[in-house]
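Text of the file work-v7.txt, holding compact mmCIF, C-alpha atoms:
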```
# COMPACT_ATOMS: atom_id res chain seq x y z
CA MET A 83 0.00 0.00 0.00
CA ASP A 84 1.23 3.53 -0.69
CA SER A 85 1.89 6.22 1.91
CA SER A 86 -1.36 8.06 1.24
CA ASP A 87 -3.29 4.88 1.97
CA VAL A 88 -1.31 4.47 5.21
CA ARG A 89 -2.25 7.97 6.36
CA ARG A 90 -5.95 7.35 5.84
CA LYS A 91 -6.12 4.21 7.98
CA LYS A 92 -7.60 4.61 11.44
CA VAL A 93 -7.30 2.25 14.39
CA ALA A 94 -9.61 2.00 17.40
CA VAL A 95 -7.88 0.55 20.46
CA ILE A 96 -10.35 -0.62 23.09
CA GLY A 97 -9.34 -1.13 26.72
CA GLY A 98 -8.08 0.33 29.96
CA GLY A 99 -5.09 -1.78 30.99
CA LEU A 100 -1.37 -2.06 30.33
CA VAL A 101 -1.36 -3.64 26.90
CA ARG A 102 -1.74 -1.33 23.96
CA ILE A 103 -1.16 -1.84 20.28
CA PHE A 104 1.13 0.65 18.59
CA GLY A 105 3.36 1.28 21.51
CA CYS A 106 1.38 0.04 24.53
CA ILE A 107 -1.20 2.83 24.64
CA ILE A 108 -2.51 2.66 28.22
CA THR A 109 -4.59 4.41 30.86
CA VAL A 110 -5.51 3.96 34.50
CA GLY A 111 -8.98 2.52 35.18
CA ALA A 112 -10.63 3.83 32.01
CA VAL A 113 -11.90 2.64 28.67
CA ILE A 114 -9.77 4.13 25.90
CA LEU A 115 -10.77 4.66 22.27
CA THR A 116 -7.74 5.65 20.28
CA VAL A 117 -7.59 6.76 16.66
CA ILE A 118 -4.02 6.68 15.37
CA THR A 119 -2.29 6.77 11.97
CA HIS A 120 0.45 4.29 11.11
CA ASN A 121 2.97 7.05 10.36
CA ASP A 122 2.62 8.46 13.85
CA TYR A 123 2.68 4.95 15.26
CA TYR A 124 6.32 4.31 14.46
CA SER A 125 7.68 7.48 16.01
CA SER A 126 5.45 7.14 19.06
CA LEU A 127 6.45 3.51 19.55
CA LYS A 128 10.15 4.37 19.70
CA TYR A 129 9.51 7.19 22.15
CA ILE A 130 7.32 5.08 24.39
CA PHE A 131 9.91 2.34 24.68
CA LEU A 132 12.48 4.97 25.67
CA VAL A 133 10.08 5.95 28.44
CA SER A 134 9.78 2.27 29.38
CA PHE A 135 13.53 2.02 29.85
CA GLN A 136 13.39 5.08 32.10
CA ILE A 137 10.72 3.36 34.18
CA VAL A 138 12.83 0.21 34.42
CA SER A 139 15.69 2.27 35.80
CA GLN A 140 13.40 3.31 38.65
CA GLY A 141 12.56 -0.28 39.60
CA ILE A 142 13.69 -1.95 42.81
CA PRO A 143 15.97 -4.97 42.20
CA MET A 144 14.90 -8.16 43.99
CA ARG A 145 17.82 -10.59 44.04
CA GLY A 146 15.96 -13.57 45.38
CA ARG A 147 13.03 -14.94 47.35
CA MET A 148 12.98 -14.54 51.11
CA ILE A 149 10.95 -17.34 52.65
CA HIS A 150 9.17 -16.71 55.97
CA SER A 151 8.55 -19.91 57.90
CA LEU A 152 5.77 -20.28 60.43
CA SER A 153 8.31 -19.96 63.25
CA GLY A 154 9.48 -16.60 61.90
CA LYS A 155 12.75 -17.91 60.50
CA LYS A 156 13.76 -16.32 57.17
CA SER A 157 15.80 -18.01 54.44
CA VAL A 158 16.94 -16.69 51.07
CA ILE A 159 16.74 -18.45 47.71
CA PRO A 160 18.65 -16.41 45.08
CA TYR A 161 17.17 -16.02 41.60
CA GLY A 162 20.55 -16.82 40.08
CA THR A 163 24.00 -15.27 40.18
CA LYS A 164 24.82 -12.09 42.08
CA THR A 165 24.25 -10.02 38.95
CA GLN A 166 20.79 -11.46 38.27
CA TYR A 167 17.62 -9.99 39.73
CA VAL A 168 13.95 -9.23 39.14
CA LEU A 169 12.64 -5.66 39.18
CA SER A 170 9.69 -4.51 41.27
CA ILE A 171 8.02 -1.70 39.29
CA SER A 172 4.94 0.32 40.21
CA ARG A 173 2.08 -0.64 37.90
CA GLU A 174 0.32 2.65 38.57
CA ASN A 175 3.38 4.73 37.67
CA LEU A 176 3.95 2.62 34.57
CA ASN A 177 0.38 3.37 33.48
CA LYS A 178 0.74 7.09 34.08
CA ASP A 179 4.12 7.48 32.39
CA LEU A 180 3.14 5.58 29.26
CA LEU A 181 -0.14 7.46 28.99
CA THR A 182 1.72 10.76 29.31
CA ALA A 183 4.04 9.64 26.51
CA VAL A 184 1.13 8.74 24.23
CA GLU A 185 -0.68 12.04 24.79
CA LYS A 186 2.27 13.95 23.33
CA TYR A 187 1.12 12.96 19.84
CA PRO A 188 -1.72 15.05 18.34
CA ASN A 189 -3.12 12.23 16.19
CA VAL A 190 -3.70 10.02 19.22
CA LYS A 191 -7.06 10.77 20.78
CA VAL A 192 -7.82 9.27 24.17
CA HIS A 193 -11.41 9.11 25.44
CA PHE A 194 -12.06 8.27 29.08
CA ASN A 195 -15.26 6.92 30.61
CA HIS A 196 -16.55 5.33 27.42
CA ARG A 197 -18.14 1.91 27.17
CA LEU A 198 -18.19 -0.30 24.09
CA LEU A 199 -21.76 -1.24 23.20
CA LYS A 200 -21.41 -2.85 19.77
CA CYS A 201 -18.56 -4.11 17.66
CA ASN A 202 -18.94 -4.88 13.96
CA PRO A 203 -15.45 -5.47 12.54
CA GLU A 204 -16.59 -6.47 9.06
CA GLU A 205 -18.22 -3.07 8.60
CA GLY A 206 -15.48 -1.22 10.47
CA MET A 207 -17.92 0.12 13.02
CA ILE A 208 -18.06 0.35 16.80
CA THR A 209 -20.73 1.92 18.98
CA VAL A 210 -19.66 3.57 22.23
CA LEU A 211 -21.45 5.19 25.12
CA GLY A 212 -19.85 8.21 26.77
CA SER A 213 -20.62 10.25 29.86
CA ASP A 214 -23.44 12.04 27.99
CA LYS A 215 -25.22 8.65 27.71
CA VAL A 216 -25.70 9.12 23.96
CA PRO A 217 -24.52 6.18 21.80
CA LYS A 218 -22.08 7.18 19.06
CA ASP A 219 -20.98 5.21 16.00
CA VAL A 220 -17.28 5.32 15.18
CA THR A 221 -15.79 4.06 11.91
CA CYS A 222 -12.28 2.59 11.72
CA ASP A 223 -10.08 0.34 9.62
CA LEU A 224 -8.87 -1.84 12.50
CA ILE A 225 -10.34 -2.69 15.89
CA VAL A 226 -7.81 -3.72 18.54
CA GLY A 227 -9.26 -5.48 21.59
CA CYS A 228 -7.07 -4.78 24.62
CA ASP A 229 -9.96 -4.82 27.07
CA GLY A 230 -8.81 -7.56 29.41
CA ALA A 231 -9.92 -10.99 30.52
CA TYR A 232 -13.61 -10.10 30.22
CA SER A 233 -13.14 -8.54 26.79
CA THR A 234 -16.20 -7.07 25.12
CA VAL A 235 -14.44 -7.19 21.75
CA ARG A 236 -13.76 -10.90 22.20
CA SER A 237 -17.38 -11.55 23.13
CA HIS A 238 -18.38 -10.27 19.69
CA LEU A 239 -15.80 -12.49 17.97
CA MET A 240 -17.14 -15.50 19.88
CA LYS A 241 -20.30 -15.25 17.79
CA LYS A 242 -18.31 -15.91 14.62
CA PRO A 243 -17.94 -19.45 13.20
CA ARG A 244 -14.82 -21.47 14.08
CA PHE A 245 -13.81 -19.21 16.96
CA ASP A 246 -12.59 -21.42 19.84
CA TYR A 247 -12.82 -20.23 23.43
CA SER A 248 -12.29 -21.71 26.89
CA GLN A 249 -12.02 -20.31 30.39
CA LEU A 250 -11.20 -21.73 33.81
CA TYR A 251 -11.57 -20.18 37.25
CA ILE A 252 -9.16 -21.58 39.82
CA PRO A 253 -10.39 -22.26 43.39
CA HIS A 254 -8.17 -19.52 44.84
CA GLY A 255 -8.80 -15.82 45.10
CA TYR A 256 -6.46 -12.98 45.98
CA MET A 257 -6.53 -9.92 48.23
CA GLU A 258 -4.09 -7.01 48.45
CA LEU A 259 -2.75 -5.71 51.76
CA THR A 260 -0.08 -3.13 52.63
CA ILE A 261 3.00 -3.09 54.84
CA PRO A 262 3.64 0.61 55.54
CA PRO A 263 7.09 2.20 56.03
CA LYS A 264 8.61 1.98 59.50
CA ASN A 265 10.38 5.07 60.81
CA GLY A 266 10.68 6.39 57.28
CA ASP A 267 12.33 3.22 55.94
CA TYR A 268 11.36 -0.26 54.75
CA ALA A 269 9.92 -2.44 57.48
CA MET A 270 11.96 -5.43 56.23
CA GLU A 271 14.64 -6.28 53.68
CA HIS A 272 13.56 -4.60 50.44
CA ASN A 273 15.73 -6.34 47.82
CA TYR A 274 13.73 -9.55 47.96
CA LEU A 275 10.38 -10.98 47.01
CA HIS A 276 9.01 -12.03 50.40
CA ILE A 277 6.97 -15.24 50.50
CA TRP A 278 4.97 -16.83 53.31
CA PRO A 279 4.13 -20.36 51.98
CA ARG A 280 1.40 -22.09 53.99
CA ASN A 281 0.31 -25.28 52.22
CA THR A 282 -2.97 -24.44 50.44
CA PHE A 283 -2.44 -20.66 50.66
CA MET A 284 0.37 -18.14 50.73
CA MET A 285 1.18 -14.46 50.97
CA ILE A 286 3.80 -12.48 49.06
CA ALA A 287 5.16 -8.93 49.45
CA LEU A 288 6.89 -6.71 46.87
CA PRO A 289 8.74 -3.45 47.67
CA ASN A 290 7.59 -0.03 46.47
CA MET A 291 9.55 3.17 45.92
CA ASN A 292 7.70 4.88 48.80
CA LYS A 293 9.24 2.38 51.29
CA SER A 294 6.05 0.35 51.60
CA PHE A 295 5.33 -3.24 50.50
CA THR A 296 2.34 -4.43 48.52
CA CYS A 297 1.20 -7.78 49.92
CA THR A 298 -1.01 -10.27 48.10
CA LEU A 299 -2.78 -13.05 49.95
CA PHE A 300 -3.68 -16.07 47.77
CA MET A 301 -6.18 -18.41 49.37
CA PRO A 302 -9.14 -20.66 48.51
CA PHE A 303 -12.42 -18.74 48.51
CA GLU A 304 -13.81 -21.11 51.09
CA GLU A 305 -11.11 -19.94 53.51
CA PHE A 306 -11.79 -16.26 52.80
CA GLU A 307 -15.47 -16.88 53.47
CA LYS A 308 -14.71 -18.12 56.99
CA LEU A 309 -13.18 -14.78 58.04
CA LEU A 310 -16.21 -12.65 58.83
CA THR A 311 -15.09 -10.43 61.71
CA SER A 312 -12.03 -8.49 62.80
CA SER A 313 -11.30 -11.13 65.42
CA ASP A 314 -11.47 -13.86 62.78
CA VAL A 315 -8.89 -12.05 60.66
CA LEU A 316 -6.50 -11.33 63.53
CA ASP A 317 -6.75 -14.90 64.84
CA PHE A 318 -6.10 -16.27 61.35
CA PHE A 319 -2.99 -14.12 60.87
CA GLN A 320 -1.77 -14.91 64.37
CA LYS A 321 -1.98 -18.61 63.52
CA TYR A 322 -0.47 -18.55 60.02
CA PHE A 323 1.39 -15.24 59.58
CA PRO A 324 2.35 -14.12 63.09
CA ASP A 325 5.41 -12.14 61.97
CA ALA A 326 3.29 -10.15 59.47
CA ILE A 327 0.98 -8.64 62.11
CA PRO A 328 3.53 -6.19 63.59
CA LEU A 329 4.69 -5.34 60.05
CA ILE A 330 1.19 -4.47 58.80
CA GLY A 331 -0.38 -3.34 62.08
CA GLU A 332 -3.65 -4.73 63.41
CA ARG A 333 -5.75 -1.71 62.50
CA LEU A 334 -4.49 -1.45 58.92
CA LEU A 335 -4.71 -5.21 58.47
CA VAL A 336 -8.41 -5.30 59.36
CA GLN A 337 -9.10 -2.16 57.33
CA ASP A 338 -7.46 -3.51 54.16
CA PHE A 339 -8.93 -6.98 54.56
CA PHE A 340 -12.52 -5.75 54.53
CA LEU A 341 -11.96 -2.95 52.02
CA LEU A 342 -12.69 -5.17 49.01
CA PRO A 343 -13.75 -8.81 48.66
CA ALA A 344 -11.27 -11.41 47.44
CA GLN A 345 -10.90 -11.26 43.67
CA PRO A 346 -11.13 -14.28 41.32
CA MET A 347 -8.40 -15.51 38.98
CA ILE A 348 -9.26 -16.77 35.52
CA SER A 349 -7.37 -18.46 32.72
CA VAL A 350 -8.61 -17.72 29.19
CA LYS A 351 -7.64 -19.29 25.87
CA CYS A 352 -9.03 -18.51 22.46
CA SER A 353 -8.21 -19.03 18.79
CA SER A 354 -7.74 -17.26 16.59
CA PHE A 355 -6.59 -13.84 17.77
CA HIS A 356 -7.87 -12.02 14.70
CA LEU A 357 -10.84 -11.68 12.35
CA GLN A 358 -9.80 -11.23 8.74
CA SER A 359 -8.01 -7.87 8.42
CA HIS A 360 -10.49 -5.99 10.61
CA CYS A 361 -9.91 -6.98 14.24
CA VAL A 362 -7.19 -8.35 16.54
CA LEU A 363 -6.98 -9.28 20.23
CA LEU A 364 -3.96 -8.51 22.42
CA GLY A 365 -2.99 -9.15 26.03
CA ASP A 366 -5.50 -10.61 28.46
CA ALA A 367 -8.27 -10.24 25.88
CA ALA A 368 -6.50 -12.98 23.92
CA HIS A 369 -4.81 -14.97 26.70
CA ALA A 370 -5.58 -14.17 30.33
CA ILE A 371 -3.37 -16.28 32.61
CA VAL A 372 -3.11 -16.94 36.32
CA PRO A 373 -0.27 -14.93 37.94
CA PHE A 374 1.92 -17.73 39.27
CA PHE A 375 4.57 -17.55 36.56
CA GLY A 376 4.86 -13.76 36.68
CA GLN A 377 4.61 -13.33 32.91
CA GLY A 378 1.13 -11.90 32.25
CA MET A 379 2.22 -8.32 31.55
CA ASN A 380 5.33 -9.46 29.67
CA ALA A 381 3.25 -11.69 27.39
CA GLY A 382 1.00 -8.74 26.59
CA PHE A 383 3.92 -6.44 25.86
CA GLU A 384 5.44 -9.13 23.66
CA ASP A 385 2.21 -9.15 21.66
CA CYS A 386 2.89 -5.50 20.85
CA LEU A 387 6.50 -6.18 19.86
CA VAL A 388 5.57 -9.09 17.60
CA PHE A 389 2.79 -7.07 15.98
CA ASP A 390 5.26 -4.24 15.38
CA GLU A 391 7.72 -6.62 13.73
CA LEU A 392 5.01 -8.08 11.51
CA MET A 393 3.81 -4.64 10.44
CA ASP A 394 7.36 -3.91 9.32
CA LYS A 395 7.69 -7.27 7.59
CA PHE A 396 4.43 -6.97 5.64
CA ASN A 397 4.64 -3.22 4.97
CA ASN A 398 1.54 -2.48 7.09
CA ASP A 399 -0.65 -4.88 5.11
CA LEU A 400 -3.23 -5.96 7.70
CA SER A 401 -4.52 -8.81 5.53
CA LEU A 402 -1.09 -10.45 5.89
CA CYS A 403 -0.08 -9.17 9.31
CA LEU A 404 -3.11 -10.32 11.32
CA PRO A 405 -3.14 -14.00 10.23
CA ALA A 406 0.63 -14.16 10.78
CA PHE A 407 0.17 -12.69 14.25
CA SER A 408 -2.28 -15.44 15.21
CA ARG A 409 0.00 -18.16 13.81
CA LEU A 410 2.99 -16.87 15.76
CA ARG A 411 1.41 -15.89 19.07
CA ILE A 412 -1.19 -18.58 19.76
CA PRO A 413 1.36 -21.38 20.48
CA ASP A 414 3.49 -19.12 22.70
CA ASP A 415 0.59 -17.58 24.60
CA HIS A 416 -1.08 -20.94 25.19
CA ALA A 417 2.27 -22.30 26.40
CA ILE A 418 2.77 -19.57 29.00
CA SER A 419 -0.82 -20.14 30.12
CA ASP A 420 -0.08 -23.84 30.65
CA LEU A 421 3.19 -23.06 32.46
CA SER A 422 1.40 -20.65 34.78
CA MET A 423 -1.26 -23.21 35.60
CA TYR A 424 1.36 -25.92 36.12
CA ASN A 425 3.25 -23.67 38.52
CA TYR A 426 0.02 -22.98 40.40
CA ILE A 427 -0.70 -26.68 40.82
CA GLU A 428 2.81 -28.05 41.46
CA VAL A 429 4.55 -25.43 43.58
CA CYS A 430 2.42 -22.72 45.07
CA PHE A 431 -0.40 -24.66 46.65
CA THR A 432 0.58 -28.29 47.04
CA ARG A 433 1.40 -29.71 50.45
CA ILE A 434 5.05 -30.14 49.46
CA ARG A 435 7.12 -28.34 52.06
CA TYR A 436 9.10 -25.47 50.65
CA HIS A 437 12.48 -26.81 51.74
CA GLU A 438 11.56 -30.14 50.15
CA ALA A 439 10.85 -28.36 46.87
CA VAL A 440 14.30 -26.79 47.10
CA GLN A 441 15.87 -30.18 47.86
CA ARG A 442 14.15 -31.65 44.82
CA TRP A 443 15.49 -28.78 42.74
CA HIS A 444 19.04 -29.47 43.95
CA TRP A 445 18.57 -33.21 43.31
CA GLN A 446 17.37 -32.53 39.76
CA ASN A 447 20.39 -30.32 39.15
CA LYS A 448 22.73 -33.09 40.37
CA VAL A 449 21.04 -35.66 38.15
CA ILE A 450 21.27 -33.36 35.15
CA ASN A 451 24.93 -32.53 35.83
CA LYS A 452 25.89 -36.17 36.32
CA GLY A 453 24.02 -37.11 33.18
CA LEU A 454 25.80 -34.43 31.19
CA PHE A 455 29.17 -35.57 32.60
CA PHE A 456 28.45 -39.22 31.72
CA PHE A 457 27.38 -38.46 28.16
CA GLY A 458 30.24 -36.02 27.74
CA SER A 459 32.73 -38.66 28.87
CA LEU A 460 31.12 -41.22 26.57
CA ILE A 461 31.45 -38.86 23.63
CA VAL A 462 35.13 -38.21 24.41
CA ILE A 463 35.93 -41.94 24.70
CA SER A 464 34.03 -42.77 21.52
CA SER A 465 35.71 -39.96 19.62
CA THR A 466 39.16 -41.08 20.78
CA TYR A 467 38.52 -44.66 19.71
CA LEU A 468 37.23 -43.62 16.29
CA LEU A 469 40.19 -41.31 15.82
CA MET A 470 42.68 -44.11 16.63
CA TYR A 471 40.82 -46.55 14.43
CA CYS A 472 40.90 -44.19 11.46
CA MET A 473 44.51 -43.00 11.86
CA LEU A 474 46.29 -46.32 12.58
CA PRO A 475 46.66 -48.72 9.60
CA ARG A 476 45.78 -51.83 11.57
CA PRO A 477 44.83 -50.77 15.11
CA LEU A 478 44.12 -54.38 16.24
CA ASP A 479 47.32 -55.94 14.94
CA TYR A 480 48.89 -55.86 18.39
CA VAL A 481 46.06 -58.04 19.62
CA ARG A 482 46.09 -60.37 16.63
CA ARG A 483 49.86 -60.98 16.37
CA PRO A 484 50.32 -63.43 19.31
CA TRP A 485 47.52 -65.58 17.97
CA ASN A 486 49.03 -65.46 14.44
CA TRP A 487 52.41 -66.59 15.79
CA ILE A 488 50.83 -69.57 17.51
CA ALA A 489 48.85 -70.52 14.41
CA HIS A 490 51.91 -70.23 12.15
CA PHE A 491 54.06 -72.35 14.51
CA TRP A 492 51.35 -75.03 14.73
CA ASN A 493 51.09 -75.29 10.95
CA THR A 494 54.79 -75.00 9.98
CA LYS A 495 56.67 -75.81 13.17
CA HIS A 496 58.67 -72.62 12.57
CA VAL A 497 58.50 -69.26 14.43
CA SER A 498 57.88 -66.15 12.34
CA PHE A 499 57.87 -62.60 13.73
CA ARG A 500 56.41 -60.97 10.65
```
Would it be possible to restate this file's structure as structure tokens?
Amino acid sequence: MDSSDVRRKKVAVIGGGLVRIFGCIITVGAVILTVITHNDYYSSLKYIFLVSFQIVSQGIPMRGRMIHSLSGKKSVIPYGTKTQYVLSISRENLNKDLLTAVEKYPNVKVHFNHRLLKCNPEEGMITVLGSDKVPKDVTCDLIVGCDGAYSTVRSHLMKKPRFDYSQLYIPHGYMELTIPPKNGDYAMEHNYLHIWPRNTFMMIALPNMNKSFTCTLFMPFEEFEKLLTSSDVLDFFQKYFPDAIPLIGERLLVQDFFLLPAQPMISVKCSSFHLQSHCVLLGDAAHAIVPFFGQGMNAGFEDCLVFDELMDKFNNDLSLCLPAFSRLRIPDDHAISDLSMYNYIEVCFTRIRYHEAVQRWHWQNKVINKGLFFFGSLIVISSTYLLMYCMLPRPLDYVRRPWNWIAHFWNTKHVSFR
């Protein structure tokens, strides 16, 4: 397509989360309808990723997991070598900074507080409802569904023939709590992901730049439903997380616990991720996963990168780019979904004791190392033998000669040393 055709194309990006096509266009807690030209897309994408690197530089390095036992004992499991770590980055600040970057471009129009009512990709039409409560029809060349696990765009695609969809709620829910700063500093070691494993449930804590920690309690809904009063909550934490009570504080603990109900976790798979050249799904709208592999946001961002690469490869031809995107991303996104579910079942909430899981990990490493050593030695020995066999004219003569002497003497009664 020529440049004039590129300029005329308009894209509507639907959603309010982290994942955005054309440079991760994002907002905080709002539905966004974005109209953007491809020419502006490339310059904005480069700028936004520069902003992303700036955000990464503000992250807090976590060099390992710090495990809190029931007795209060703490032990560290490094992520890898001393130079390897995971960054704890504020999701809210990431949203704000990327949105600020996007708004610098005049051809990007962001609309808050709008709800998608209808989606007709074949006709290039969406119907939205704004704060004035008057439905408006919007025409576009491409509809991008980035509207999360409960995607409205996806619900319209589900009505199309040969669109596969499955979802699974896990028995656990999650609830966020807060460990505030203590005397103007972190209340505990801040360069670690803190974990309180407790058989069928656990709590984790990640550091924030303001010296606080964001805690997440993962637990079966049936356990959440048993905690109805302040006393129930305090007794529960005293039994299972006694060292967390002085860190959080009784008053704040009760306040946060009853602020919002426990939230569900869902795994979503669908196929394909596109409809002809008119519509595409990205992020959780295409592949919502449970959080136990820590790759949900990364998988969504990778969607954007892959789409960007395909737009370059096919010169912005959506009829080629969208099918290729589905072919490339569906196997990878389904794989990370399976890995996340496997990690949920095998590690986080089994009754395997945490130290036993570590022991199994060390045992597996020893088995792998010994296996590699054995096969390496076998290869060396085999190679040496083959080399000798090929280089020497008759490598087994030294073995054969004594027998030949005996045979010659028996037949001729003479000794020959040839």
message = From the options A:Ala269, A:Ala94, A:Val336, A:Leu169, which residue's atoms come nearest to Thr209 of chain A, counting all atoms listed in the file?
response =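 Looking only at the distances to Thr209 of chain A, the closest residue turns out to be A:Ala94.
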request  = Find the residues near segment 244-254 of chain A: any atom within 8 Å, counting only C-alpha atoms, skip ones fewer than 5 places away on the same chain, and give them as a PyMOL selection string.
outcome  = chain A and resi 239+300-303+346-354
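When all atoms listed in the file are used to measure the gap to Phe194 of chain A, the shortest distance among A:Gly266, A:Gly212, A:Gly331, A:Gly162 belongs to A:Gly212.
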Padding 5 Å on each side, edges along x, y and z: where is the centre of the box around the listed atoms of segment 415-427 of chain A, and how long are its edges in Å to one decimal? Output it as lines of an AutoDock Vina configuration file.
```
center_x = 1.0
center_y = -22.1
center_z = 32.7
size_x = 14.5
size_y = 19.1
size_z = 26.2
```
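Among A:Pro243, A:Ala231, A:Arg333, A:Glu185, the residue with the shortest atom-to-atom distance to Gly382 of chain A, counting only C-alpha atoms, is A:Ala231.
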query = What's the 7 Å shell around Ile286 of chain A, counting all atoms listed in the file, without same-chain residues fewer than 4 positions away, as number ranges by chain?
reply = A: 276-278, 297-299
Write a file of the selected residues as a CSV table (one decimal), in the frame of the given file, keeping C-alpha atoms.
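Generated file (out15.csv):
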```
chain,number,residue,atom,x,y,z
A,276,HIS,CA,9.0,-12.0,50.4
A,277,ILE,CA,7.0,-15.2,50.5
A,278,TRP,CA,5.0,-16.8,53.3
A,297,CYS,CA,1.2,-7.8,49.9
A,298,THR,CA,-1.0,-10.3,48.1
A,299,LEU,CA,-2.8,-13.0,50.0
```
ask   = Using all atoms listed in the file, which residues sit within 12 Å of Lys155 of chain A once same-chain residues fewer than 3 positions away are excluded, as a ChimeraX atom specification?
value = /A:148-152,158,277-278,323-325
task = Have a look at atom CA of Thr163 of chain A and atom CA of Asn425 of chain A and let me know their distance in Å, one decimal.
result =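 Separation between atom CA of Thr163 of chain A and atom CA of Asn425 of chain A: 22.4 Å.
Reported to one decimal place, the separation of atom CA of Thr260 of chain A from atom CA of Gly154 of chain A is 18.9 Å.
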message = With distances taken over all atoms listed in the file, which residue among A:Lys178, A:His369, A:Lys321, A:Arg411 lies nearest Phe389 of chain A?
response =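 Counting all atoms listed in the file, the residue closest to Phe389 of chain A is A:Arg411.
Counting from atom CA of Lys92 of chain A, the distance to atom CA of Ala370 of chain A is 26.7 Å.
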query = So, counting only C-alpha atoms, which residue among A:Ile96, A:Gly378, A:Asp223, A:Asn292 is closest to Val210 of chain A?
reply =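 Once distances to Val210 of chain A are computed over only C-alpha atoms, the minimum belongs to A:Ile96.
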